[in-house]
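Student: mmCIF, N, CA and C atoms, saved as my_file.cif, coming up:
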data_entry
loop_
_atom_site.label_atom_id
_atom_site.label_comp_id
_atom_site.auth_asym_id
_atom_site.auth_seq_id
_atom_site.Cartn_x
_atom_site.Cartn_y
_atom_site.Cartn_z
N MET K 1 45.63 -30.45 34.24
CA MET K 1 46.25 -29.96 35.46
C MET K 1 45.79 -28.52 35.67
N SER K 2 45.23 -28.22 36.83
CA SER K 2 44.71 -26.87 37.07
C SER K 2 45.58 -26.15 38.08
N ALA K 3 45.56 -24.85 37.99
CA ALA K 3 46.36 -24.02 38.91
C ALA K 3 45.63 -23.90 40.23
N ASN K 4 46.35 -23.89 41.30
CA ASN K 4 45.77 -23.74 42.63
C ASN K 4 45.61 -22.27 42.92
N THR K 5 44.36 -21.80 42.89
CA THR K 5 44.10 -20.37 43.12
C THR K 5 43.43 -20.13 44.45
N SER K 6 43.30 -21.15 45.29
CA SER K 6 42.60 -21.00 46.56
C SER K 6 43.45 -20.33 47.63
N GLY K 7 44.71 -20.11 47.34
CA GLY K 7 45.58 -19.50 48.33
C GLY K 7 46.31 -20.53 49.17
N GLU K 8 45.92 -21.79 49.02
CA GLU K 8 46.60 -22.86 49.76
C GLU K 8 47.70 -23.39 48.86
N GLY K 9 48.92 -23.29 49.29
CA GLY K 9 50.04 -23.72 48.45
C GLY K 9 50.59 -25.04 48.92
N ASN K 10 51.30 -25.67 48.07
CA ASN K 10 52.01 -26.88 48.40
C ASN K 10 53.23 -26.47 49.23
N ALA K 11 53.36 -27.00 50.43
CA ALA K 11 54.42 -26.56 51.34
C ALA K 11 55.80 -26.74 50.73
N ALA K 12 56.04 -27.86 50.06
CA ALA K 12 57.35 -28.09 49.47
C ALA K 12 57.60 -27.12 48.33
N HIS K 13 56.55 -26.82 47.57
CA HIS K 13 56.70 -25.90 46.44
C HIS K 13 56.90 -24.46 46.93
N ASP K 14 56.24 -24.07 48.03
CA ASP K 14 56.37 -22.72 48.56
C ASP K 14 57.76 -22.44 49.09
N ASP K 15 58.49 -23.47 49.49
CA ASP K 15 59.82 -23.29 50.06
C ASP K 15 60.89 -23.10 48.99
N VAL K 16 60.57 -23.33 47.73
CA VAL K 16 61.58 -23.23 46.67
C VAL K 16 62.17 -21.83 46.60
N PRO K 17 61.34 -20.75 46.56
CA PRO K 17 61.96 -19.42 46.51
C PRO K 17 62.82 -19.14 47.74
N THR K 18 62.37 -19.58 48.91
CA THR K 18 63.14 -19.37 50.12
C THR K 18 64.46 -20.14 50.06
N ALA K 19 64.39 -21.38 49.59
CA ALA K 19 65.61 -22.19 49.50
C ALA K 19 66.58 -21.58 48.49
N ALA K 20 66.05 -21.10 47.36
CA ALA K 20 66.92 -20.48 46.37
C ALA K 20 67.54 -19.20 46.92
N LYS K 21 66.75 -18.45 47.67
CA LYS K 21 67.26 -17.21 48.25
C LYS K 21 68.36 -17.52 49.26
N ASN K 22 68.14 -18.53 50.10
CA ASN K 22 69.15 -18.92 51.09
C ASN K 22 70.42 -19.42 50.41
N LEU K 23 70.26 -20.19 49.33
CA LEU K 23 71.42 -20.68 48.59
C LEU K 23 72.18 -19.50 47.99
N GLY K 24 71.44 -18.55 47.42
CA GLY K 24 72.07 -17.37 46.84
C GLY K 24 72.86 -16.59 47.88
N LYS K 25 72.27 -16.45 49.07
CA LYS K 25 72.97 -15.73 50.14
C LYS K 25 74.24 -16.46 50.55
N ALA K 26 74.15 -17.80 50.66
CA ALA K 26 75.31 -18.59 51.06
C ALA K 26 76.43 -18.47 50.02
N VAL K 27 76.05 -18.54 48.75
CA VAL K 27 77.06 -18.43 47.68
C VAL K 27 77.66 -17.03 47.70
N GLY K 28 76.83 -16.01 47.89
CA GLY K 28 77.32 -14.64 47.96
C GLY K 28 78.29 -14.43 49.10
N ARG K 29 77.97 -14.99 50.26
CA ARG K 29 78.88 -14.86 51.41
C ARG K 29 80.21 -15.55 51.12
N SER K 30 80.15 -16.73 50.50
CA SER K 30 81.37 -17.47 50.19
C SER K 30 82.23 -16.69 49.21
N ILE K 31 81.61 -16.15 48.17
CA ILE K 31 82.37 -15.36 47.18
C ILE K 31 82.92 -14.11 47.84
N GLY K 32 82.12 -13.48 48.70
CA GLY K 32 82.57 -12.28 49.39
C GLY K 32 83.78 -12.54 50.27
N ARG K 33 83.76 -13.66 51.00
CA ARG K 33 84.90 -14.00 51.85
C ARG K 33 86.15 -14.24 51.01
N THR K 34 85.99 -14.95 49.91
CA THR K 34 87.13 -15.23 49.04
C THR K 34 87.69 -13.94 48.46
N ALA K 35 86.79 -13.07 47.98
CA ALA K 35 87.24 -11.81 47.39
C ALA K 35 87.91 -10.93 48.45
N THR K 36 87.38 -10.94 49.67
CA THR K 36 87.96 -10.13 50.74
C THR K 36 89.37 -10.61 51.05
N ARG K 37 89.55 -11.93 51.13
CA ARG K 37 90.89 -12.46 51.41
C ARG K 37 91.87 -12.09 50.31
N ALA K 38 91.42 -12.21 49.06
CA ALA K 38 92.30 -11.90 47.93
C ALA K 38 92.63 -10.41 47.91
N ALA K 39 91.62 -9.58 48.15
CA ALA K 39 91.84 -8.13 48.13
C ALA K 39 92.74 -7.70 49.28
N LYS K 40 92.56 -8.34 50.44
CA LYS K 40 93.38 -7.96 51.58
C LYS K 40 94.86 -8.23 51.31
N GLY K 41 95.15 -9.37 50.75
CA GLY K 41 96.54 -9.69 50.43
C GLY K 41 97.10 -8.76 49.37
N THR K 42 96.29 -8.46 48.37
CA THR K 42 96.73 -7.55 47.31
C THR K 42 96.96 -6.16 47.86
N ARG K 43 96.03 -5.70 48.69
CA ARG K 43 96.15 -4.36 49.26
C ARG K 43 97.39 -4.25 50.15
N GLU K 44 97.70 -5.30 50.90
CA GLU K 44 98.89 -5.28 51.74
C GLU K 44 100.16 -5.18 50.89
N ARG K 45 100.17 -5.88 49.76
CA ARG K 45 101.34 -5.80 48.86
C ARG K 45 101.46 -4.40 48.27
N ILE K 46 100.33 -3.80 47.94
CA ILE K 46 100.35 -2.44 47.38
C ILE K 46 100.86 -1.46 48.43
N ARG K 47 100.41 -1.59 49.66
CA ARG K 47 100.83 -0.67 50.72
C ARG K 47 102.32 -0.80 51.04
N SER K 48 102.89 -1.95 50.78
CA SER K 48 104.30 -2.16 51.12
C SER K 48 105.23 -1.34 50.22
N ASN K 49 104.77 -0.93 49.06
CA ASN K 49 105.58 -0.13 48.14
C ASN K 49 104.99 1.28 48.09
N PRO K 50 105.70 2.30 48.60
CA PRO K 50 105.13 3.66 48.67
C PRO K 50 104.70 4.22 47.32
N THR K 51 105.45 3.96 46.27
CA THR K 51 105.08 4.48 44.95
C THR K 51 103.81 3.83 44.45
N THR K 52 103.73 2.53 44.57
CA THR K 52 102.53 1.81 44.15
C THR K 52 101.33 2.25 44.98
N ASP K 53 101.54 2.47 46.27
CA ASP K 53 100.45 2.92 47.14
C ASP K 53 99.92 4.27 46.70
N ARG K 54 100.82 5.20 46.38
CA ARG K 54 100.38 6.54 45.92
C ARG K 54 99.61 6.44 44.61
N VAL K 55 100.09 5.61 43.69
CA VAL K 55 99.41 5.45 42.40
C VAL K 55 98.03 4.82 42.62
N TYR K 56 97.96 3.82 43.48
CA TYR K 56 96.69 3.15 43.76
C TYR K 56 95.69 4.14 44.37
N ARG K 57 96.15 4.89 45.38
CA ARG K 57 95.26 5.86 46.03
C ARG K 57 94.82 6.95 45.05
N ALA K 58 95.72 7.37 44.15
CA ALA K 58 95.35 8.35 43.14
C ALA K 58 94.29 7.77 42.20
N GLY K 59 94.46 6.52 41.82
CA GLY K 59 93.47 5.86 40.96
C GLY K 59 92.11 5.76 41.63
N VAL K 60 92.12 5.37 42.90
CA VAL K 60 90.86 5.30 43.65
C VAL K 60 90.23 6.69 43.74
N GLY K 61 91.06 7.71 43.96
CA GLY K 61 90.55 9.08 44.03
C GLY K 61 89.93 9.54 42.73
N VAL K 62 90.58 9.21 41.62
CA VAL K 62 90.06 9.62 40.30
C VAL K 62 88.75 8.89 39.99
N VAL K 63 88.74 7.58 40.20
CA VAL K 63 87.52 6.80 39.90
C VAL K 63 86.38 7.20 40.85
N GLY K 64 86.67 7.27 42.14
CA GLY K 64 85.64 7.64 43.11
C GLY K 64 85.16 9.07 42.91
N GLY K 65 86.09 9.99 42.69
CA GLY K 65 85.72 11.39 42.46
C GLY K 65 84.90 11.55 41.20
N GLY K 66 85.29 10.84 40.15
CA GLY K 66 84.53 10.89 38.90
C GLY K 66 83.12 10.34 39.08
N THR K 67 83.00 9.28 39.86
CA THR K 67 81.68 8.69 40.11
C THR K 67 80.82 9.64 40.92
N VAL K 68 81.40 10.28 41.93
CA VAL K 68 80.65 11.26 42.71
C VAL K 68 80.21 12.41 41.81
N ALA K 69 81.11 12.92 40.98
CA ALA K 69 80.78 14.03 40.09
C ALA K 69 79.67 13.64 39.12
N LEU K 70 79.74 12.44 38.57
CA LEU K 70 78.71 11.96 37.67
C LEU K 70 77.36 11.87 38.40
N GLY K 71 77.38 11.36 39.62
CA GLY K 71 76.15 11.26 40.41
C GLY K 71 75.55 12.62 40.71
N VAL K 72 76.39 13.60 41.04
CA VAL K 72 75.90 14.95 41.33
C VAL K 72 75.28 15.56 40.09
N VAL K 73 75.90 15.36 38.93
CA VAL K 73 75.34 15.87 37.68
C VAL K 73 74.01 15.19 37.37
N MET K 74 73.88 13.92 37.72
CA MET K 74 72.66 13.16 37.43
C MET K 74 71.52 13.44 38.40
N ILE K 75 71.77 14.07 39.53
CA ILE K 75 70.73 14.26 40.54
C ILE K 75 69.48 14.97 39.98
N PRO K 76 69.60 16.06 39.22
CA PRO K 76 68.37 16.69 38.73
C PRO K 76 67.64 15.87 37.66
N LEU K 77 68.33 14.93 37.05
CA LEU K 77 67.74 14.11 35.99
C LEU K 77 66.99 12.93 36.59
N PRO K 78 66.00 12.41 35.86
CA PRO K 78 65.34 11.20 36.37
C PRO K 78 66.33 10.04 36.37
N GLY K 79 66.37 9.33 37.44
CA GLY K 79 67.29 8.20 37.55
C GLY K 79 68.01 8.21 38.88
N PRO K 80 68.96 7.33 39.02
CA PRO K 80 69.61 7.11 40.32
C PRO K 80 70.82 8.00 40.58
N GLY K 81 70.71 9.29 40.37
CA GLY K 81 71.85 10.19 40.57
C GLY K 81 72.41 10.15 41.97
N ALA K 82 71.53 10.21 42.97
CA ALA K 82 71.99 10.20 44.36
C ALA K 82 72.66 8.87 44.70
N LEU K 83 72.12 7.78 44.17
CA LEU K 83 72.74 6.48 44.45
C LEU K 83 74.11 6.37 43.80
N VAL K 84 74.27 6.93 42.62
CA VAL K 84 75.59 6.92 41.96
C VAL K 84 76.58 7.73 42.78
N ALA K 85 76.13 8.89 43.29
CA ALA K 85 77.01 9.71 44.12
C ALA K 85 77.40 8.96 45.39
N LEU K 86 76.43 8.28 46.01
CA LEU K 86 76.75 7.49 47.21
C LEU K 86 77.71 6.35 46.87
N GLY K 87 77.55 5.75 45.70
CA GLY K 87 78.49 4.72 45.27
C GLY K 87 79.90 5.26 45.12
N GLY K 88 80.00 6.48 44.58
CA GLY K 88 81.31 7.12 44.46
C GLY K 88 81.94 7.37 45.81
N LEU K 89 81.09 7.80 46.78
CA LEU K 89 81.61 7.98 48.14
C LEU K 89 82.07 6.65 48.72
N GLY K 90 81.36 5.58 48.38
CA GLY K 90 81.77 4.25 48.83
C GLY K 90 83.13 3.87 48.29
N ILE K 91 83.37 4.18 47.02
CA ILE K 91 84.67 3.90 46.40
C ILE K 91 85.76 4.72 47.10
N LEU K 92 85.49 6.01 47.29
CA LEU K 92 86.48 6.87 47.95
C LEU K 92 86.74 6.43 49.39
N SER K 93 85.69 5.95 50.06
CA SER K 93 85.85 5.60 51.49
C SER K 93 86.71 4.37 51.70
N THR K 94 87.00 3.63 50.64
CA THR K 94 87.90 2.49 50.82
C THR K 94 89.32 2.93 51.11
N GLU K 95 89.67 4.18 50.74
CA GLU K 95 91.03 4.66 50.94
C GLU K 95 91.14 5.96 51.73
N PHE K 96 90.07 6.72 51.82
CA PHE K 96 90.15 8.04 52.44
C PHE K 96 89.17 8.15 53.59
N GLU K 97 89.68 8.48 54.78
CA GLU K 97 88.86 8.54 55.99
C GLU K 97 87.79 9.62 55.90
N GLY K 98 88.12 10.77 55.33
CA GLY K 98 87.13 11.85 55.20
C GLY K 98 85.93 11.42 54.36
N ALA K 99 86.20 10.67 53.30
CA ALA K 99 85.11 10.17 52.46
C ALA K 99 84.27 9.14 53.22
N LYS K 100 84.91 8.38 54.11
CA LYS K 100 84.17 7.39 54.89
C LYS K 100 83.18 8.09 55.82
N VAL K 101 83.62 9.17 56.46
CA VAL K 101 82.74 9.94 57.35
C VAL K 101 81.59 10.54 56.55
N ALA K 102 81.89 11.11 55.37
CA ALA K 102 80.86 11.69 54.52
C ALA K 102 79.87 10.63 54.04
N ARG K 103 80.38 9.45 53.71
CA ARG K 103 79.50 8.37 53.24
C ARG K 103 78.55 7.92 54.33
N VAL K 104 79.05 7.79 55.55
CA VAL K 104 78.20 7.37 56.65
C VAL K 104 77.09 8.40 56.89
N LYS K 105 77.45 9.68 56.88
CA LYS K 105 76.44 10.73 57.08
C LYS K 105 75.45 10.77 55.93
N ALA K 106 75.94 10.65 54.69
CA ALA K 106 75.05 10.69 53.53
C ALA K 106 74.12 9.49 53.50
N THR K 107 74.63 8.33 53.87
CA THR K 107 73.79 7.13 53.90
C THR K 107 72.71 7.26 54.96
N ALA K 108 73.07 7.80 56.12
CA ALA K 108 72.07 8.00 57.18
C ALA K 108 71.00 8.99 56.73
N ALA K 109 71.41 10.06 56.06
CA ALA K 109 70.44 11.05 55.56
C ALA K 109 69.54 10.42 54.50
N ALA K 110 70.10 9.59 53.62
CA ALA K 110 69.30 8.94 52.59
C ALA K 110 68.29 7.97 53.20
N LYS K 111 68.71 7.22 54.23
CA LYS K 111 67.78 6.30 54.89
C LYS K 111 66.67 7.07 55.60
N LYS K 112 67.01 8.19 56.22
CA LYS K 112 66.01 9.01 56.90
C LYS K 112 65.01 9.56 55.87
N ALA K 113 65.51 10.05 54.73
CA ALA K 113 64.63 10.59 53.68
C ALA K 113 63.73 9.50 53.12
N ALA K 114 64.26 8.30 52.95
CA ALA K 114 63.45 7.19 52.45
C ALA K 114 62.35 6.85 53.45
N GLY K 115 62.66 6.89 54.74
CA GLY K 115 61.66 6.62 55.76
C GLY K 115 60.56 7.68 55.76
N VAL K 116 60.94 8.95 55.61
CA VAL K 116 59.95 10.04 55.57
C VAL K 116 59.06 9.87 54.34
N ALA K 117 59.65 9.54 53.20
CA ALA K 117 58.86 9.35 51.98
C ALA K 117 57.91 8.17 52.12
N LYS K 118 58.36 7.09 52.75
CA LYS K 118 57.50 5.92 52.95
C LYS K 118 56.35 6.26 53.89
N ASP K 119 56.62 7.00 54.96
CA ASP K 119 55.55 7.42 55.88
C ASP K 119 54.52 8.28 55.17
N ALA K 120 54.98 9.22 54.33
CA ALA K 120 54.06 10.09 53.60
C ALA K 120 53.20 9.26 52.63
N ARG K 121 53.82 8.30 51.96
CA ARG K 121 53.07 7.43 51.05
C ARG K 121 52.02 6.63 51.81
N ASP K 122 52.39 6.09 52.96
CA ASP K 122 51.44 5.31 53.76
C ASP K 122 50.28 6.18 54.23
N ARG K 123 50.58 7.44 54.63
CA ARG K 123 49.50 8.35 55.05
C ARG K 123 48.55 8.65 53.90
N ARG K 124 49.11 8.87 52.70
CA ARG K 124 48.26 9.13 51.53
C ARG K 124 47.37 7.94 51.23
N ARG K 125 47.93 6.76 51.27
CA ARG K 125 47.14 5.55 51.00
C ARG K 125 46.04 5.36 52.04
N ALA K 126 46.37 5.61 53.30
CA ALA K 126 45.36 5.46 54.36
C ALA K 126 44.25 6.49 54.18
N HIS K 127 44.62 7.72 53.84
CA HIS K 127 43.62 8.77 53.64
C HIS K 127 42.75 8.44 52.43
N LYS K 128 43.34 7.93 51.39
CA LYS K 128 42.59 7.58 50.18
C LYS K 128 41.62 6.44 50.47
N ALA K 129 42.01 5.50 51.31
CA ALA K 129 41.15 4.38 51.65
C ALA K 129 39.95 4.83 52.50
N GLU K 130 40.12 5.91 53.27
CA GLU K 130 39.04 6.40 54.12
C GLU K 130 38.00 7.21 53.35
N GLU K 131 38.36 7.77 52.20
CA GLU K 131 37.44 8.61 51.43
C GLU K 131 36.32 7.75 50.87
N PRO K 132 35.08 8.26 50.98
CA PRO K 132 33.97 7.50 50.40
C PRO K 132 34.00 7.58 48.88
N THR K 133 33.55 6.53 48.24
CA THR K 133 33.49 6.50 46.79
C THR K 133 32.15 7.06 46.37
N VAL K 134 32.14 8.03 45.50
CA VAL K 134 30.92 8.65 45.01
C VAL K 134 30.76 8.28 43.55
N ILE K 135 29.58 7.74 43.24
CA ILE K 135 29.28 7.38 41.86
C ILE K 135 28.20 8.33 41.37
N VAL K 136 28.49 9.04 40.31
CA VAL K 136 27.54 9.99 39.75
C VAL K 136 26.93 9.37 38.51
N VAL K 137 25.61 9.30 38.49
CA VAL K 137 24.89 8.72 37.35
C VAL K 137 24.17 9.88 36.66
N HIS K 138 24.46 10.06 35.39
CA HIS K 138 23.80 11.11 34.61
C HIS K 138 22.56 10.51 33.96
N PRO K 139 21.41 11.19 34.11
CA PRO K 139 20.21 10.66 33.45
C PRO K 139 20.34 10.80 31.93
N THR K 140 19.81 9.83 31.24
CA THR K 140 19.86 9.90 29.80
C THR K 140 18.68 10.69 29.27
N GLU K 141 18.86 11.34 28.18
CA GLU K 141 17.77 12.11 27.57
C GLU K 141 16.85 11.17 26.85
N PRO K 142 15.52 11.46 26.94
CA PRO K 142 14.58 10.59 26.20
C PRO K 142 14.76 10.78 24.70
N ALA K 143 14.62 9.71 23.96
CA ALA K 143 14.84 9.77 22.53
C ALA K 143 13.72 10.37 21.77
#
Please rewrite the model in this file as structure tokens.

Tutor:
Amino acid sequence: MSANTSGEGNAAHDDVPTAAKNLGKAVGRSIGRTATRAAKGTRERIRSNPTTDRVYRAGVGVVGGGTVALGVVMIPLPGPGALVALGGLGILSTEFEGAKVARVKATAAAKKAAGVAKDARDRRRAHKAEEPTVIVVHPTEPA
């Protein structure tokens, strides 16, 4: 049995990744809807008791604030510091309107920065492709 390297694929075989991706999305949506319904009911019960609501909001503040602080500390280090900070803002934005506004602005700035970086990368690649290739051959010394 030989591998097909001509670039022509079996149509049924080529659809497997797409089908798996679609199935994964469908399962994710179903789980998301179920989790949203469960969380909504739980959150409504928490809001009905003022003491529990304060404790819950304090917990969200501590976890979200800690995540933001960790992300800010990680920014100068190699790794996903900015993403961790944005995740912390996401946690905070579930309960605090000010954090939601900050998250929306920070996410927009991150998307804009990613677009600028992608454009710069594309320009570098295009410029590199336009440069002629020079091959230097050094003559050998006679023996």

Student: Rank K:Leu86, K:Val73, K:Asp122, K:Gly79 by their smallest atom-to-atom distance to Thr107 of chain K, using only N, CA and C atoms, and report the top residue only.

Tutor: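 So, comparing all the options, the nearest one is K:Leu86.
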
Student: For the PyMOL selection byres (((chain K and resi 54-71 and name CA) around 7) and name CA), applied here, can you spell out every residue it catches as a PDB file with N, CA and C atoms, in the coordinates of the input?

Tutor:
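Writing the result to out.pdb gives the following:
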ATOM      1  N   PRO K  50     105.700   2.300  48.600  1.00  0.00           N
ATOM      2  CA  PRO K  50     105.130   3.660  48.670  1.00  0.00           C
ATOM      3  C   PRO K  50     104.700   4.220  47.320  1.00  0.00           C
ATOM      4  N   THR K  51     105.450   3.960  46.270  1.00  0.00           N
ATOM      5  CA  THR K  51     105.080   4.480  44.950  1.00  0.00           C
ATOM      6  C   THR K  51     103.810   3.830  44.450  1.00  0.00           C
ATOM      7  N   THR K  52     103.730   2.530  44.570  1.00  0.00           N
ATOM      8  CA  THR K  52     102.530   1.810  44.150  1.00  0.00           C
ATOM      9  C   THR K  52     101.330   2.250  44.980  1.00  0.00           C
ATOM     10  N   ASP K  53     101.540   2.470  46.270  1.00  0.00           N
ATOM     11  CA  ASP K  53     100.450   2.920  47.140  1.00  0.00           C
ATOM     12  C   ASP K  53      99.920   4.270  46.700  1.00  0.00           C
ATOM     13  N   VAL K  72      76.390  13.600  41.040  1.00  0.00           N
ATOM     14  CA  VAL K  72      75.900  14.950  41.330  1.00  0.00           C
ATOM     15  C   VAL K  72      75.280  15.560  40.090  1.00  0.00           C
ATOM     16  N   VAL K  73      75.900  15.360  38.930  1.00  0.00           N
ATOM     17  CA  VAL K  73      75.340  15.870  37.680  1.00  0.00           C
ATOM     18  C   VAL K  73      74.010  15.190  37.370  1.00  0.00           C
ATOM     19  N   MET K  74      73.880  13.920  37.720  1.00  0.00           N
ATOM     20  CA  MET K  74      72.660  13.160  37.430  1.00  0.00           C
ATOM     21  C   MET K  74      71.520  13.440  38.400  1.00  0.00           C
ATOM     22  N   ILE K  75      71.770  14.070  39.530  1.00  0.00           N
ATOM     23  CA  ILE K  75      70.730  14.260  40.540  1.00  0.00           C
ATOM     24  C   ILE K  75      69.480  14.970  39.980  1.00  0.00           C
ATOM     25  N   GLY K  81      70.710   9.290  40.370  1.00  0.00           N
ATOM     26  CA  GLY K  81      71.850  10.190  40.570  1.00  0.00           C
ATOM     27  C   GLY K  81      72.410  10.150  41.970  1.00  0.00           C
ATOM     28  N   ALA K  82      71.530  10.210  42.970  1.00  0.00           N
ATOM     29  CA  ALA K  82      71.990  10.200  44.360  1.00  0.00           C
ATOM     30  C   ALA K  82      72.660   8.870  44.700  1.00  0.00           C
ATOM     31  N   VAL K  84      74.270   6.930  42.620  1.00  0.00           N
ATOM     32  CA  VAL K  84      75.590   6.920  41.960  1.00  0.00           C
ATOM     33  C   VAL K  84      76.580   7.730  42.780  1.00  0.00           C
ATOM     34  N   ALA K  85      76.130   8.890  43.290  1.00  0.00           N
ATOM     35  CA  ALA K  85      77.010   9.710  44.120  1.00  0.00           C
ATOM     36  C   ALA K  85      77.400   8.960  45.390  1.00  0.00           C
ATOM     37  N   GLY K  88      80.000   6.480  44.580  1.00  0.00           N
ATOM     38  CA  GLY K  88      81.310   7.120  44.460  1.00  0.00           C
ATOM     39  C   GLY K  88      81.940   7.370  45.810  1.00  0.00           C
ATOM     40  N   LEU K  89      81.090   7.800  46.780  1.00  0.00           N
ATOM     41  CA  LEU K  89      81.610   7.980  48.140  1.00  0.00           C
ATOM     42  C   LEU K  89      82.070   6.650  48.720  1.00  0.00           C
ATOM     43  N   ILE K  91      83.370   4.180  47.020  1.00  0.00           N
ATOM     44  CA  ILE K  91      84.670   3.900  46.400  1.00  0.00           C
ATOM     45  C   ILE K  91      85.760   4.720  47.100  1.00  0.00           C
ATOM     46  N   LEU K  92      85.490   6.010  47.290  1.00  0.00           N
ATOM     47  CA  LEU K  92      86.480   6.870  47.950  1.00  0.00           C
ATOM     48  C   LEU K  92      86.740   6.430  49.390  1.00  0.00           C
ATOM     49  N   GLU K  95      89.670   4.180  50.740  1.00  0.00           N
ATOM     50  CA  GLU K  95      91.030   4.660  50.940  1.00  0.00           C
ATOM     51  C   GLU K  95      91.140   5.960  51.730  1.00  0.00           C
TER      52      GLU K  95
END

Student: With only N, CA and C atoms as the counted atoms, please give the residues lying no more than 8 Å from Ala102 of chain K, apart from itself and same-chain residues fewer than 6 positions off, as number ranges by chain.

Tutor: K: 89-90, 93, 108

Student: Could you check how far atom N of Arg33 of chain K sits from atom CA of Ala114 of chain K, in Å to one decimal?

Tutor: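 The value is 29.1 Å.
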
Student: If I take atom N of Thr18 of chain K and atom N of Gly115 of chain K, how far is one from the other in Å, to one decimal?

Tutor: 27.1 Å

Student: Using atom CA of Leu23 of chain K and atom C of Thr36 of chain K as the two end points, give the distance in Å to one decimal.

Tutor: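 Result for atom CA of Leu23 of chain K versus atom C of Thr36 of chain K: 20.7 Å, one decimal.
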
Student: Which of segment 48-101 of chain K end up as helix (DSSP H, G or I) when DSSP is run on this backbone - answer as a PyMOL selection string?

Tutor: chain K and resi 48+50-74+81-93+97-101

Student: Rebuild segment 123-136 of chain K so that it carries N, CA, C and O atoms, then output the result as a CSV table (one decimal), in the coordinates of the input.

Tutor:
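Below is the file rebuild-v8.csv, written as the result:
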chain,number,residue,atom,x,y,z
K,123,ARG,N,50.6,7.4,54.6
K,123,ARG,CA,49.5,8.4,55.0
K,123,ARG,C,48.6,8.6,53.9
K,123,ARG,O,47.3,8.7,54.1
K,124,ARG,N,49.1,8.9,52.7
K,124,ARG,CA,48.3,9.1,51.5
K,124,ARG,C,47.4,7.9,51.2
K,124,ARG,O,46.2,8.1,51.0
K,125,ARG,N,47.9,6.8,51.3
K,125,ARG,CA,47.1,5.6,51.0
K,125,ARG,C,46.0,5.4,52.0
K,125,ARG,O,44.9,5.0,51.7
K,126,ALA,N,46.4,5.6,53.3
K,126,ALA,CA,45.4,5.5,54.4
K,126,ALA,C,44.2,6.5,54.2
K,126,ALA,O,43.1,6.2,54.3
K,127,HIS,N,44.6,7.7,53.8
K,127,HIS,CA,43.6,8.8,53.6
K,127,HIS,C,42.8,8.4,52.4
K,127,HIS,O,41.5,8.6,52.5
K,128,LYS,N,43.3,7.9,51.4
K,128,LYS,CA,42.6,7.6,50.2
K,128,LYS,C,41.6,6.4,50.5
K,128,LYS,O,40.5,6.4,50.0
K,129,ALA,N,42.0,5.5,51.3
K,129,ALA,CA,41.2,4.4,51.6
K,129,ALA,C,40.0,4.8,52.5
K,129,ALA,O,38.9,4.2,52.5
K,130,GLU,N,40.1,5.9,53.3
K,130,GLU,CA,39.0,6.4,54.1
K,130,GLU,C,38.0,7.2,53.4
K,130,GLU,O,36.9,7.3,53.8
K,131,GLU,N,38.4,7.8,52.2
K,131,GLU,CA,37.4,8.6,51.4
K,131,GLU,C,36.3,7.8,50.9
K,131,GLU,O,36.5,6.7,50.3
K,132,PRO,N,35.1,8.3,51.0
K,132,PRO,CA,34.0,7.5,50.4
K,132,PRO,C,34.0,7.6,48.9
K,132,PRO,O,34.5,8.6,48.3
K,133,THR,N,33.6,6.5,48.2
K,133,THR,CA,33.5,6.5,46.8
K,133,THR,C,32.2,7.1,46.4
K,133,THR,O,31.1,6.6,46.8
K,134,VAL,N,32.1,8.0,45.5
K,134,VAL,CA,30.9,8.6,45.0
K,134,VAL,C,30.8,8.3,43.6
K,134,VAL,O,31.6,8.5,42.7
K,135,ILE,N,29.6,7.7,43.2
K,135,ILE,CA,29.3,7.4,41.9
K,135,ILE,C,28.2,8.3,41.4
K,135,ILE,O,27.1,8.4,42.0
K,136,VAL,N,28.5,9.0,40.3
K,136,VAL,CA,27.5,10.0,39.8
K,136,VAL,C,26.9,9.4,38.5
K,136,VAL,O,27.6,9.0,37.6
